[in-house]
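Visitor: final.pdb is the file, holding PDB, C-alpha atoms and all ligand atoms:
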```
ATOM      1  CA  MET A  76       0.399  -0.536   5.787  1.00  0.00           C
ATOM      2  CA  THR A  77      -1.024  -0.520   9.308  1.00  0.00           C
ATOM      3  CA  ILE A  78      -2.522   2.799  10.335  1.00  0.00           C
ATOM      4  CA  HIS A  79      -1.369   3.848  13.805  1.00  0.00           C
ATOM      5  CA  ASN A  80      -3.238   6.201  16.122  1.00  0.00           C
ATOM      6  CA  VAL A  81      -0.577   8.325  17.722  1.00  0.00           C
ATOM      7  CA  GLY A  82      -0.893  10.670  20.701  1.00  0.00           C
ATOM      8  CA  LEU A  83       0.936  13.964  20.326  1.00  0.00           C
ATOM      9  CA  ILE A  84       2.328  15.792  23.363  1.00  0.00           C
ATOM     10  CA  VAL A  85       3.389  19.406  22.792  1.00  0.00           C
ATOM     11  CA  GLY A  86       5.770  20.662  25.464  1.00  0.00           C
ATOM     12  CA  SER A  87       4.722  24.311  25.293  1.00  0.00           C
ATOM     13  CA  ILE A  88       1.663  26.133  26.591  1.00  0.00           C
ATOM     14  CA  SER A  89       2.653  29.443  24.994  1.00  0.00           C
ATOM     15  CA  SER A  90      -0.097  31.065  22.915  1.00  0.00           C
ATOM     16  CA  THR A  91       2.536  31.856  20.253  1.00  0.00           C
ATOM     17  CA  SER A  92       4.348  28.504  20.430  1.00  0.00           C
ATOM     18  CA  ILE A  93       6.447  27.607  17.400  1.00  0.00           C
ATOM     19  CA  ASN A  94       6.413  23.984  18.561  1.00  0.00           C
ATOM     20  CA  ARG A  95       2.608  23.989  18.422  1.00  0.00           C
ATOM     21  CA  ARG A  96       2.899  25.220  14.825  1.00  0.00           C
ATOM     22  CA  LEU A  97       5.320  22.372  14.112  1.00  0.00           C
ATOM     23  CA  ALA A  98       2.836  19.992  15.773  1.00  0.00           C
ATOM     24  CA  ARG A  99       0.028  21.273  13.519  1.00  0.00           C
ATOM     25  CA  ALA A 100       2.255  20.668  10.491  1.00  0.00           C
ATOM     26  CA  LEU A 101       2.917  17.093  11.648  1.00  0.00           C
ATOM     27  CA  ILE A 102      -0.830  16.509  12.162  1.00  0.00           C
ATOM     28  CA  ALA A 103      -1.462  17.752   8.613  1.00  0.00           C
ATOM     29  CA  LEU A 104       1.323  15.656   7.018  1.00  0.00           C
ATOM     30  CA  ALA A 105       0.840  12.454   9.041  1.00  0.00           C
ATOM     31  CA  PRO A 106      -1.964  10.863   6.948  1.00  0.00           C
ATOM     32  CA  GLN A 107       0.488  10.692   4.007  1.00  0.00           C
ATOM     33  CA  THR A 108       2.478   8.244   6.161  1.00  0.00           C
ATOM     34  CA  ASP A 109      -0.553   6.321   7.518  1.00  0.00           C
ATOM     35  CA  LEU A 110      -0.299   7.923  10.951  1.00  0.00           C
ATOM     36  CA  LEU A 111      -3.220   9.691  12.626  1.00  0.00           C
ATOM     37  CA  LEU A 112      -2.008  12.235  15.170  1.00  0.00           C
ATOM     38  CA  THR A 113      -4.175  13.586  17.995  1.00  0.00           C
ATOM     39  CA  GLU A 114      -2.963  15.978  20.668  1.00  0.00           C
ATOM     40  CA  ILE A 115      -3.042  14.859  24.299  1.00  0.00           C
ATOM     41  CA  PRO A 116      -3.291  18.184  26.167  1.00  0.00           C
ATOM     42  CA  ILE A 117      -1.000  18.870  29.147  1.00  0.00           C
ATOM     43  CA  ARG A 118      -2.044  22.447  29.949  1.00  0.00           C
ATOM     44  CA  ASP A 119      -4.467  21.566  32.772  1.00  0.00           C
ATOM     45  CA  LEU A 120      -2.413  18.864  34.474  1.00  0.00           C
ATOM     46  CA  PRO A 121      -1.861  19.571  38.165  1.00  0.00           C
ATOM     47  CA  ILE A 122       1.743  19.895  39.308  1.00  0.00           C
ATOM     48  CA  TYR A 123       2.745  16.346  40.201  1.00  0.00           C
ATOM     49  CA  SER A 124       3.151  15.449  43.864  1.00  0.00           C
ATOM     50  CA  ALA A 125       3.675  12.017  45.397  1.00  0.00           C
ATOM     51  CA  ASP A 126       0.597  12.922  47.443  1.00  0.00           C
ATOM     52  CA  HIS A 127      -1.410  12.247  44.260  1.00  0.00           C
ATOM     53  CA  ASP A 128      -0.369   8.604  44.169  1.00  0.00           C
ATOM     54  CA  ALA A 129      -3.023   7.586  46.682  1.00  0.00           C
ATOM     55  CA  ALA A 130      -5.809   9.502  44.872  1.00  0.00           C
ATOM     56  CA  ILE A 131      -4.879  10.434  41.304  1.00  0.00           C
ATOM     57  CA  PRO A 132      -6.463  13.741  40.173  1.00  0.00           C
ATOM     58  CA  GLU A 133      -8.975  13.188  37.353  1.00  0.00           C
ATOM     59  CA  GLU A 134      -6.973  15.273  34.806  1.00  0.00           C
ATOM     60  CA  ALA A 135      -3.880  13.161  35.543  1.00  0.00           C
ATOM     61  CA  ALA A 136      -5.818   9.890  35.308  1.00  0.00           C
ATOM     62  CA  GLU A 137      -7.305  10.951  31.953  1.00  0.00           C
ATOM     63  CA  PHE A 138      -3.829  11.885  30.667  1.00  0.00           C
ATOM     64  CA  LYS A 139      -2.403   8.521  31.744  1.00  0.00           C
ATOM     65  CA  ARG A 140      -5.292   6.642  30.094  1.00  0.00           C
ATOM     66  CA  ALA A 141      -4.750   8.521  26.836  1.00  0.00           C
ATOM     67  CA  ILE A 142      -1.074   7.511  26.699  1.00  0.00           C
ATOM     68  CA  VAL A 143      -1.967   3.861  27.263  1.00  0.00           C
ATOM     69  CA  ASP A 144      -4.757   3.950  24.661  1.00  0.00           C
ATOM     70  CA  TYR A 145      -2.712   5.349  21.752  1.00  0.00           C
ATOM     71  CA  ASP A 146      -0.486   3.002  19.751  1.00  0.00           C
ATOM     72  CA  ALA A 147       2.499   5.322  20.122  1.00  0.00           C
ATOM     73  CA  ILE A 148       3.439   8.804  21.329  1.00  0.00           C
ATOM     74  CA  ILE A 149       5.217  11.676  19.559  1.00  0.00           C
ATOM     75  CA  VAL A 150       6.633  14.390  21.805  1.00  0.00           C
ATOM     76  CA  VAL A 151       7.290  17.844  20.326  1.00  0.00           C
ATOM     77  CA  THR A 152       9.584  19.734  22.667  1.00  0.00           C
ATOM     78  CA  PRO A 153      10.908  23.275  22.902  1.00  0.00           C
ATOM     79  CA  GLU A 154      14.265  23.814  24.600  1.00  0.00           C
ATOM     80  CA  TYR A 155      14.217  25.908  27.780  1.00  0.00           C
ATOM     81  CA  ASN A 156      17.603  26.594  29.327  1.00  0.00           C
ATOM     82  CA  ARG A 157      19.122  23.578  27.558  1.00  0.00           C
ATOM     83  CA  SER A 158      16.437  21.259  28.921  1.00  0.00           C
ATOM     84  CA  VAL A 159      12.774  20.344  28.497  1.00  0.00           C
ATOM     85  CA  PRO A 160      10.183  22.902  29.697  1.00  0.00           C
ATOM     86  CA  GLY A 161       8.803  22.343  33.198  1.00  0.00           C
ATOM     87  CA  VAL A 162       5.278  21.698  31.877  1.00  0.00           C
ATOM     88  CA  LEU A 163       6.582  18.798  29.820  1.00  0.00           C
ATOM     89  CA  LYS A 164       8.635  17.319  32.657  1.00  0.00           C
ATOM     90  CA  ASN A 165       5.547  17.582  34.859  1.00  0.00           C
ATOM     91  CA  ALA A 166       3.517  15.671  32.273  1.00  0.00           C
ATOM     92  CA  LEU A 167       6.176  12.928  32.045  1.00  0.00           C
ATOM     93  CA  ASP A 168       6.384  12.648  35.848  1.00  0.00           C
ATOM     94  CA  THR A 169       2.575  12.450  36.021  1.00  0.00           C
ATOM     95  CA  ALA A 170       2.539   9.650  33.432  1.00  0.00           C
ATOM     96  CA  SER A 171       5.245   7.715  35.267  1.00  0.00           C
ATOM     97  CA  ARG A 172       3.471   7.319  38.610  1.00  0.00           C
ATOM     98  CA  PRO A 173       2.177   5.789  40.864  1.00  0.00           C
ATOM     99  CA  TRP A 174       5.070   3.330  41.038  1.00  0.00           C
ATOM    100  CA  GLY A 175       4.134   0.215  39.046  1.00  0.00           C
ATOM    101  CA  ASP A 176       1.682   2.145  36.868  1.00  0.00           C
ATOM    102  CA  ASN A 177       4.018   3.808  34.369  1.00  0.00           C
ATOM    103  CA  SER A 178       1.856   4.718  31.370  1.00  0.00           C
ATOM    104  CA  PHE A 179       4.869   4.857  29.031  1.00  0.00           C
ATOM    105  CA  ALA A 180       6.019   1.274  29.677  1.00  0.00           C
ATOM    106  CA  ASP A 181       6.642  -0.451  26.313  1.00  0.00           C
ATOM    107  CA  LYS A 182       4.921   2.423  24.486  1.00  0.00           C
ATOM    108  CA  PRO A 183       6.910   3.343  21.357  1.00  0.00           C
ATOM    109  CA  SER A 184       7.746   7.016  21.001  1.00  0.00           C
ATOM    110  CA  ALA A 185       9.530   9.571  18.841  1.00  0.00           C
ATOM    111  CA  VAL A 186      10.851  13.025  19.705  1.00  0.00           C
ATOM    112  CA  ILE A 187      11.148  16.195  17.656  1.00  0.00           C
ATOM    113  CA  GLY A 188      11.346  19.914  18.387  1.00  0.00           C
ATOM    114  CA  THR A 189      12.094  23.329  17.022  1.00  0.00           C
ATOM    115  CA  SER A 190      13.770  26.552  18.128  1.00  0.00           C
ATOM    116  CA  MET A 191      15.274  29.550  16.390  1.00  0.00           C
ATOM    117  CA  GLY A 192      18.681  28.461  17.699  1.00  0.00           C
ATOM    118  CA  ALA A 193      21.215  26.717  15.452  1.00  0.00           C
ATOM    119  CA  ILE A 194      21.015  23.386  17.293  1.00  0.00           C
ATOM    120  CA  GLY A 195      17.207  23.250  17.108  1.00  0.00           C
ATOM    121  CA  THR A 196      16.444  21.790  20.612  1.00  0.00           C
ATOM    122  CA  ALA A 197      19.165  19.119  20.372  1.00  0.00           C
ATOM    123  CA  VAL A 198      20.087  19.333  24.065  1.00  0.00           C
ATOM    124  CA  ALA A 199      16.471  19.210  25.267  1.00  0.00           C
ATOM    125  CA  GLN A 200      15.793  16.245  22.973  1.00  0.00           C
ATOM    126  CA  GLN A 201      18.778  14.308  24.316  1.00  0.00           C
ATOM    127  CA  GLN A 202      17.451  14.784  27.836  1.00  0.00           C
ATOM    128  CA  LEU A 203      13.953  13.826  26.700  1.00  0.00           C
ATOM    129  CA  ARG A 204      15.321  10.616  25.148  1.00  0.00           C
ATOM    130  CA  GLY A 205      16.952   9.803  28.487  1.00  0.00           C
ATOM    131  CA  ILE A 206      13.673  10.282  30.357  1.00  0.00           C
ATOM    132  CA  LEU A 207      11.651   8.208  27.873  1.00  0.00           C
ATOM    133  CA  SER A 208      14.265   5.436  27.943  1.00  0.00           C
ATOM    134  CA  PHE A 209      14.106   5.387  31.723  1.00  0.00           C
ATOM    135  CA  LEU A 210      10.318   5.060  31.376  1.00  0.00           C
ATOM    136  CA  ALA A 211      10.885   1.929  29.209  1.00  0.00           C
ATOM    137  CA  SER A 212       9.535   3.620  26.089  1.00  0.00           C
ATOM    138  CA  PRO A 213      11.403   2.507  22.945  1.00  0.00           C
ATOM    139  CA  VAL A 214      12.359   5.825  21.307  1.00  0.00           C
ATOM    140  CA  LEU A 215      12.943   6.219  17.557  1.00  0.00           C
ATOM    141  CA  PRO A 216      16.766   6.307  17.400  1.00  0.00           C
ATOM    142  CA  GLN A 217      17.178   7.775  13.890  1.00  0.00           C
ATOM    143  CA  PRO A 218      16.674  10.096  12.140  1.00  0.00           C
ATOM    144  CA  GLU A 219      17.083  12.838  14.723  1.00  0.00           C
ATOM    145  CA  ALA A 220      14.869  15.858  14.082  1.00  0.00           C
ATOM    146  CA  TYR A 221      16.393  19.160  15.194  1.00  0.00           C
ATOM    147  CA  VAL A 222      14.328  21.737  13.330  1.00  0.00           C
ATOM    148  CA  GLN A 223      15.702  25.284  13.181  1.00  0.00           C
ATOM    149  CA  SER A 224      12.774  27.679  12.888  1.00  0.00           C
ATOM    150  CA  TYR A 225      12.489  31.118  11.408  1.00  0.00           C
ATOM    151  CA  ASP A 226       9.531  33.454  11.001  1.00  0.00           C
ATOM    152  CA  ASP A 227       6.818  31.908   8.830  1.00  0.00           C
ATOM    153  CA  LEU A 228       8.500  28.501   8.400  1.00  0.00           C
ATOM    154  CA  PHE A 229       5.255  27.074   9.813  1.00  0.00           C
ATOM    155  CA  THR A 230       1.947  28.847   9.389  1.00  0.00           C
ATOM    156  CA  ASP A 231      -0.712  28.827  12.114  1.00  0.00           C
ATOM    157  CA  ASP A 232      -2.848  26.407  10.096  1.00  0.00           C
ATOM    158  CA  GLY A 233      -0.173  23.719   9.691  1.00  0.00           C
ATOM    159  CA  GLN A 234       1.441  24.617   6.372  1.00  0.00           C
ATOM    160  CA  VAL A 235       5.216  24.237   5.931  1.00  0.00           C
ATOM    161  CA  THR A 236       6.450  27.044   3.704  1.00  0.00           C
ATOM    162  CA  ASP A 237       9.830  25.447   2.893  1.00  0.00           C
ATOM    163  CA  SER A 238       9.654  22.353   0.654  1.00  0.00           C
ATOM    164  CA  ARG A 239      12.870  20.765   1.993  1.00  0.00           C
ATOM    165  CA  THR A 240      11.584  21.011   5.567  1.00  0.00           C
ATOM    166  CA  ARG A 241       8.228  19.551   4.454  1.00  0.00           C
ATOM    167  CA  GLU A 242       9.987  16.610   2.745  1.00  0.00           C
ATOM    168  CA  PHE A 243      12.164  16.052   5.809  1.00  0.00           C
ATOM    169  CA  LEU A 244       9.121  15.963   8.098  1.00  0.00           C
ATOM    170  CA  ILE A 245       7.409  13.414   5.830  1.00  0.00           C
ATOM    171  CA  SER A 246      10.545  11.220   5.827  1.00  0.00           C
ATOM    172  CA  TRP A 247      10.776  11.537   9.623  1.00  0.00           C
ATOM    173  CA  LEU A 248       7.118  10.520  10.049  1.00  0.00           C
ATOM    174  CA  THR A 249       7.733   7.580   7.695  1.00  0.00           C
ATOM    175  CA  ALA A 250      10.677   6.454   9.866  1.00  0.00           C
ATOM    176  CA  ALA A 251       8.535   6.888  12.983  1.00  0.00           C
ATOM    177  CA  HIS A 252       5.849   4.689  11.405  1.00  0.00           C
ATOM    178  CA  ALA A 253       8.401   1.958  10.660  1.00  0.00           C
ATOM    179  CA  HIS A 254       9.702   2.175  14.243  1.00  0.00           C
ATOM    180  CA  PHE A 255       6.170   1.909  15.676  1.00  0.00           C
ATOM    181  CA  ASP A 256       5.453  -1.073  13.382  1.00  0.00           C
ATOM    182  CA  LYS A 257       8.618  -2.869  14.458  1.00  0.00           C
ATOM    183  CA  THR A 258       8.027  -2.206  18.145  1.00  0.00           C
ATOM    184  CA  LEU A 259       4.357  -3.173  18.111  1.00  0.00           C
ATOM    185  CA  ARG A 260       4.765  -6.261  15.888  1.00  0.00           C
ATOM    186  CA  PRO A 261       4.141  -9.574  17.694  1.00  0.00           C
ATOM    187  CA  VAL A 262       7.396 -11.436  18.402  1.00  0.00           C
ATOM    188  CA  HIS A 263       7.112 -15.256  18.222  1.00  0.00           C
ATOM    189  CA  GLY A 264       3.379 -15.019  18.814  1.00  0.00           C
ATOM    190  CA  PHE A 265       3.614 -12.614  21.761  1.00  0.00           C
ATOM    191  CA  THR A 266       2.923  -8.878  21.919  1.00  0.00           C
ATOM    192  CA  LEU A 267       4.493  -6.409  24.306  1.00  0.00           C
ATOM    193  CA  THR A 268       2.154  -5.688  27.207  1.00  0.00           C
ATOM    194  CA  GLN A 269       1.750  -2.790  29.586  1.00  0.00           C
ATOM    195  CA  SER A 270       3.458  -3.372  32.927  1.00  0.00           C
TER     196      SER A 270
HETATM  197  C1  LIG B 301      14.250  29.818  25.645  1.00  0.00           C
HETATM  198  N1  LIG B 301      14.751  29.624  24.354  1.00  0.00           N
HETATM  199  C2  LIG B 301      15.787  28.747  24.148  1.00  0.00           C
HETATM  200  N2  LIG B 301      16.126  28.341  22.853  1.00  0.00           N
HETATM  201  C3  LIG B 301      17.114  27.422  22.679  1.00  0.00           C
HETATM  202  O1  LIG B 301      17.383  27.060  21.537  1.00  0.00           O
HETATM  203  N3  LIG B 301      17.793  26.901  23.734  1.00  0.00           N
HETATM  204  C4  LIG B 301      17.521  27.259  25.024  1.00  0.00           C
HETATM  205  O2  LIG B 301      18.124  26.729  25.933  1.00  0.00           O
HETATM  206  C5  LIG B 301      16.491  28.210  25.251  1.00  0.00           C
HETATM  207  N4  LIG B 301      16.148  28.605  26.510  1.00  0.00           N
HETATM  208  C6  LIG B 301      14.984  29.304  26.727  1.00  0.00           C
HETATM  209  C7  LIG B 301      14.500  29.463  28.037  1.00  0.00           C
HETATM  210  C8  LIG B 301      13.285  30.071  28.244  1.00  0.00           C
HETATM  211  C9  LIG B 301      12.736  30.213  29.646  1.00  0.00           C
HETATM  212  C10 LIG B 301      12.555  30.578  27.147  1.00  0.00           C
HETATM  213  C11 LIG B 301      11.195  31.256  27.369  1.00  0.00           C
HETATM  214  C12 LIG B 301      13.027  30.454  25.876  1.00  0.00           C
HETATM  215  C13 LIG B 301      14.064  30.222  23.219  1.00  0.00           C
HETATM  216  C14 LIG B 301      12.997  29.266  22.721  1.00  0.00           C
HETATM  217  O3  LIG B 301      13.570  28.382  21.786  1.00  0.00           O
HETATM  218  C15 LIG B 301      11.861  30.061  22.066  1.00  0.00           C
HETATM  219  O4  LIG B 301      11.265  30.902  23.043  1.00  0.00           O
HETATM  220  C16 LIG B 301      10.823  29.148  21.468  1.00  0.00           C
HETATM  221  O5  LIG B 301       9.841  29.958  20.844  1.00  0.00           O
HETATM  222  C17 LIG B 301      10.182  28.257  22.538  1.00  0.00           C
HETATM  223  O6  LIG B 301       9.306  27.331  21.958  1.00  0.00           O
HETATM  224  P1  LIG B 301       7.725  27.558  21.983  1.00  0.00           P
HETATM  225  O7  LIG B 301       7.293  27.678  23.416  1.00  0.00           O
HETATM  226  O8  LIG B 301       7.455  28.852  21.216  1.00  0.00           O
HETATM  227  O9  LIG B 301       7.168  26.364  21.300  1.00  0.00           O
END
```
Mind turning this structure into structure tokens?
Guide:
Amino acid sequence: MTIHNVGLIVGSISSTSINRRLARALIALAPQTDLLLTEIPIRDLPIYSADHDAAIPEEAAEFKRAIVDYDAIIVVTPEYNRSVPGVLKNALDTASRPWGDNSFADKPSAVIGTSMGAIGTAVAQQQLRGILSFLASPVLPQPEAYVQSYDDLFTDDGQVTDSRTREFLISWLTAAHAHFDKTLRPVHGFTLTQS
């Protein structure tokens, strides 16, 4: 099986983030599915302004390069007020510009997230799918991954304390791998290119 290097964007900068704990669990489980996950940090990105288009700030340029360089992107999102957190939207806007230099173009992606709420970030993820689709990123359609958290479901060092959740995450990563394979595979001798 092809090993894919995948960039991981975590949509929370909270020091106690449950989504960061989920991200650590995914990083720990991913090698079982031949994926290597590496975080692409968003904490230090400047707030996007169209003024940056003429002279892209170095942190933004580095972030855009990282997205292009990885085979695929996984986004782990919290849900803030039934949407994606502002820091994540800022990162997506930064990646999308300047016009004609959208770093997500043709880049396969998958979305996941966790909250204590019963619907486990479902609304935020639907909005995130809409944004990624608009950015021409083929998003893993199924399975959806709405993870309801509770205290100690994920430990700080990436352990998943519930075996059914651990098995689900492995099956989700396996589906993500298959989606990345399918999207990246050459079609009739051609590969998808960045536009
Ligand atoms: C929340 N939370 C929340 N949870 C949810 O399921 N749906 C929601 O719409 C919201 N809205 C919301 C807004 C704001 C401003 C905050 C700070 C929180 C609760 C949220 O799921 C919880 O704080 C998680 O811990 C956030 O994820 P991270 O940052 O810990 O990864």
Visitor: So, with only C-alpha atoms and all ligand atoms as the atoms that count, which of A:Val235, A:Ala211, A:Leu248, A:Ala98 lies closest to ligand LIG 301 (chain B)?
Guide: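 Closest residue, counting only C-alpha atoms and all ligand atoms: A:Ala98.
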Visitor: If the PyMOL selection byres (((not hetatm)) within 8 of (chain B and resi 301)) is run on the structure shown, which residues does it catch, given as a list in words?
Guide: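 With the PyMOL selection byres (((not hetatm)) within 8 of (chain B and resi 301)) on this model, the match is Gly86, Ser87, Ile88, Ser89, Thr91, Ser92, Ile93, Asn94, Arg95, Arg96, Thr152, Pro153, Glu154, Tyr155, Asn156, Arg157, Ser158, Pro160, Thr189, Ser190, Met191, Gly192, Ala193, Ile194, Gly195, Thr196, Val198 and Ala199 of chain A.
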Visitor: So how many Å separate CA of Leu101 in chain A and CA of Thr236 in chain A, to one decimal?
Guide: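 Pair CA of Leu101 in chain A / CA of Thr236 in chain A returns 13.2 Å.
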Visitor: Enumerate, as a PyMOL selection string, the residues matched when the PyMOL selection byres (((chain A and resi 209) around 12) and not hetatm) is run on the file above.
Guide: chain A and resi 167-168+171+177+179-181+202-208+210-214
Visitor: Fewer than 4 positions away in the same chain doesn't count, so skip those; otherwise give me all residues within 6 Å of Ile115 in chain A, counting all atoms listed in the file, as a count of residues only.
Guide: 3
Visitor: Rounded to one decimal in Å, what is the spacing between CA of Ala129 in chain A and CA of Ile148 in chain A?
Guide: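 For CA of Ala129 in chain A relative to CA of Ile148 in chain A, the distance reads 26.2 Å.
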Visitor: With a distance cut-off of 10 Å and only C-alpha atoms, select the neighbouring residues of Ile245 in chain A, excluding the residue or stretch itself and same-chain residues fewer than 2 positions from it, and output the selection as a PyMOL selection string.
Guide: chain A and resi 101+104-108+239-243+247-251
Visitor: Taking all atoms listed in the file into account, produce a table as CSV in which each residue of range 82-146 of chain A with an atom at most 8 Å from an atom of range 252-261 of chain A appears once, together with its shortest atom pair and the distance in Å to one decimal, ordered by chain and rising number.
Guide:
```
residue,atom,partner,partner_atom,distance
A:Thr108,CA,A:His252,CA,7.2
A:Asp109,CA,A:His252,CA,7.7
A:Leu110,CA,A:His252,CA,7.0
A:Asp146,CA,A:Phe255,CA,7.9
```
Visitor: Expand the PyMOL selection byres (((chain A and resi 123) around 10) and not hetatm) into the individual residues it matches in the shown file, reporting them as a list in words.
Guide: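 Evaluating the PyMOL selection byres (((chain A and resi 123) around 10) and not hetatm) on this file yields Leu120, Pro121, Ile122, Ser124, Ala125, Asp126, His127, Asp128, Ile131, Pro132, Ala135, Lys164, Asn165, Ala166, Leu167, Asp168, Thr169, Ala170 and Arg172 of chain A.
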Visitor: Using all atoms listed in the file, which of A:Leu97, A:Thr113, A:Ile142, A:Gly161 sits nearest Asp227 in chain A?
Guide: A:Leu97
Visitor: Generate all heavy atoms for range 254-261 of chain A and emit them as a PDB file, keeping the file's coordinate frame.
Guide:
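Saved the output as out_18.pdb:
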```pdb
ATOM      1  N   HIS A 254       9.278   2.483  12.865  1.00  0.00           N
ATOM      2  CA  HIS A 254       9.702   2.175  14.243  1.00  0.00           C
ATOM      3  C   HIS A 254       8.508   1.683  15.071  1.00  0.00           C
ATOM      4  O   HIS A 254       8.625   0.700  15.819  1.00  0.00           O
ATOM      5  CB  HIS A 254      10.311   3.441  14.854  1.00  0.00           C
ATOM      6  CG  HIS A 254      10.557   3.354  16.327  1.00  0.00           C
ATOM      7  ND1 HIS A 254      11.506   2.525  16.885  1.00  0.00           N
ATOM      8  CD2 HIS A 254       9.949   3.980  17.383  1.00  0.00           C
ATOM      9  CE1 HIS A 254      11.493   2.654  18.204  1.00  0.00           C
ATOM     10  NE2 HIS A 254      10.552   3.525  18.530  1.00  0.00           N
ATOM     11  N   PHE A 255       7.355   2.339  14.915  1.00  0.00           N
ATOM     12  CA  PHE A 255       6.170   1.909  15.676  1.00  0.00           C
ATOM     13  C   PHE A 255       5.770   0.498  15.236  1.00  0.00           C
ATOM     14  O   PHE A 255       5.454  -0.351  16.066  1.00  0.00           O
ATOM     15  CB  PHE A 255       5.006   2.887  15.467  1.00  0.00           C
ATOM     16  CG  PHE A 255       5.288   4.312  15.906  1.00  0.00           C
ATOM     17  CD1 PHE A 255       4.592   5.378  15.352  1.00  0.00           C
ATOM     18  CD2 PHE A 255       6.245   4.576  16.872  1.00  0.00           C
ATOM     19  CE1 PHE A 255       4.844   6.681  15.746  1.00  0.00           C
ATOM     20  CE2 PHE A 255       6.514   5.889  17.285  1.00  0.00           C
ATOM     21  CZ  PHE A 255       5.808   6.940  16.702  1.00  0.00           C
ATOM     22  N   ASP A 256       5.782   0.261  13.917  1.00  0.00           N
ATOM     23  CA  ASP A 256       5.453  -1.073  13.382  1.00  0.00           C
ATOM     24  C   ASP A 256       6.333  -2.148  14.016  1.00  0.00           C
ATOM     25  O   ASP A 256       5.857  -3.173  14.482  1.00  0.00           O
ATOM     26  CB  ASP A 256       5.742  -1.107  11.873  1.00  0.00           C
ATOM     27  CG  ASP A 256       4.494  -0.854  11.039  1.00  0.00           C
ATOM     28  OD1 ASP A 256       3.397  -0.809  11.609  1.00  0.00           O
ATOM     29  OD2 ASP A 256       4.647  -0.699   9.810  1.00  0.00           O
ATOM     30  N   LYS A 257       7.640  -1.884  13.980  1.00  0.00           N
ATOM     31  CA  LYS A 257       8.618  -2.869  14.458  1.00  0.00           C
ATOM     32  C   LYS A 257       8.412  -3.136  15.952  1.00  0.00           C
ATOM     33  O   LYS A 257       8.485  -4.268  16.418  1.00  0.00           O
ATOM     34  CB  LYS A 257      10.032  -2.323  14.197  1.00  0.00           C
ATOM     35  CG  LYS A 257      11.120  -3.347  14.305  1.00  0.00           C
ATOM     36  CD  LYS A 257      12.419  -2.856  13.694  1.00  0.00           C
ATOM     37  CE  LYS A 257      12.778  -1.440  14.112  1.00  0.00           C
ATOM     38  NZ  LYS A 257      14.026  -0.952  13.527  1.00  0.00           N
ATOM     39  N   THR A 258       8.145  -2.068  16.695  1.00  0.00           N
ATOM     40  CA  THR A 258       8.027  -2.206  18.145  1.00  0.00           C
ATOM     41  C   THR A 258       6.730  -2.897  18.534  1.00  0.00           C
ATOM     42  O   THR A 258       6.679  -3.652  19.514  1.00  0.00           O
ATOM     43  CB  THR A 258       8.090  -0.815  18.811  1.00  0.00           C
ATOM     44  OG1 THR A 258       9.201  -0.110  18.270  1.00  0.00           O
ATOM     45  CG2 THR A 258       8.254  -0.925  20.309  1.00  0.00           C
ATOM     46  N   LEU A 259       5.672  -2.631  17.756  1.00  0.00           N
ATOM     47  CA  LEU A 259       4.357  -3.173  18.111  1.00  0.00           C
ATOM     48  C   LEU A 259       4.125  -4.572  17.544  1.00  0.00           C
ATOM     49  O   LEU A 259       3.196  -5.252  17.945  1.00  0.00           O
ATOM     50  CB  LEU A 259       3.249  -2.230  17.595  1.00  0.00           C
ATOM     51  CG  LEU A 259       3.202  -0.859  18.272  1.00  0.00           C
ATOM     52  CD1 LEU A 259       2.349   0.101  17.454  1.00  0.00           C
ATOM     53  CD2 LEU A 259       2.677  -0.965  19.692  1.00  0.00           C
ATOM     54  N   ARG A 260       4.979  -4.982  16.564  1.00  0.00           N
ATOM     55  CA  ARG A 260       4.765  -6.261  15.888  1.00  0.00           C
ATOM     56  C   ARG A 260       4.897  -7.419  16.887  1.00  0.00           C
ATOM     57  O   ARG A 260       5.815  -7.421  17.713  1.00  0.00           O
ATOM     58  CB  ARG A 260       5.802  -6.428  14.774  1.00  0.00           C
ATOM     59  CG  ARG A 260       5.534  -7.615  13.868  1.00  0.00           C
ATOM     60  CD  ARG A 260       6.675  -7.805  12.884  1.00  0.00           C
ATOM     61  NE  ARG A 260       7.051  -6.588  12.187  1.00  0.00           N
ATOM     62  CZ  ARG A 260       8.296  -6.240  11.894  1.00  0.00           C
ATOM     63  NH1 ARG A 260       9.295  -6.999  12.241  1.00  0.00           N
ATOM     64  NH2 ARG A 260       8.545  -5.120  11.251  1.00  0.00           N
ATOM     65  N   PRO A 261       3.999  -8.414  16.812  1.00  0.00           N
ATOM     66  CA  PRO A 261       4.141  -9.574  17.694  1.00  0.00           C
ATOM     67  C   PRO A 261       5.472 -10.290  17.453  1.00  0.00           C
ATOM     68  O   PRO A 261       5.900 -10.425  16.308  1.00  0.00           O
ATOM     69  CB  PRO A 261       2.968 -10.479  17.295  1.00  0.00           C
ATOM     70  CG  PRO A 261       2.022  -9.603  16.564  1.00  0.00           C
ATOM     71  CD  PRO A 261       2.840  -8.518  15.922  1.00  0.00           C
TER      72      PRO A 261
END
```
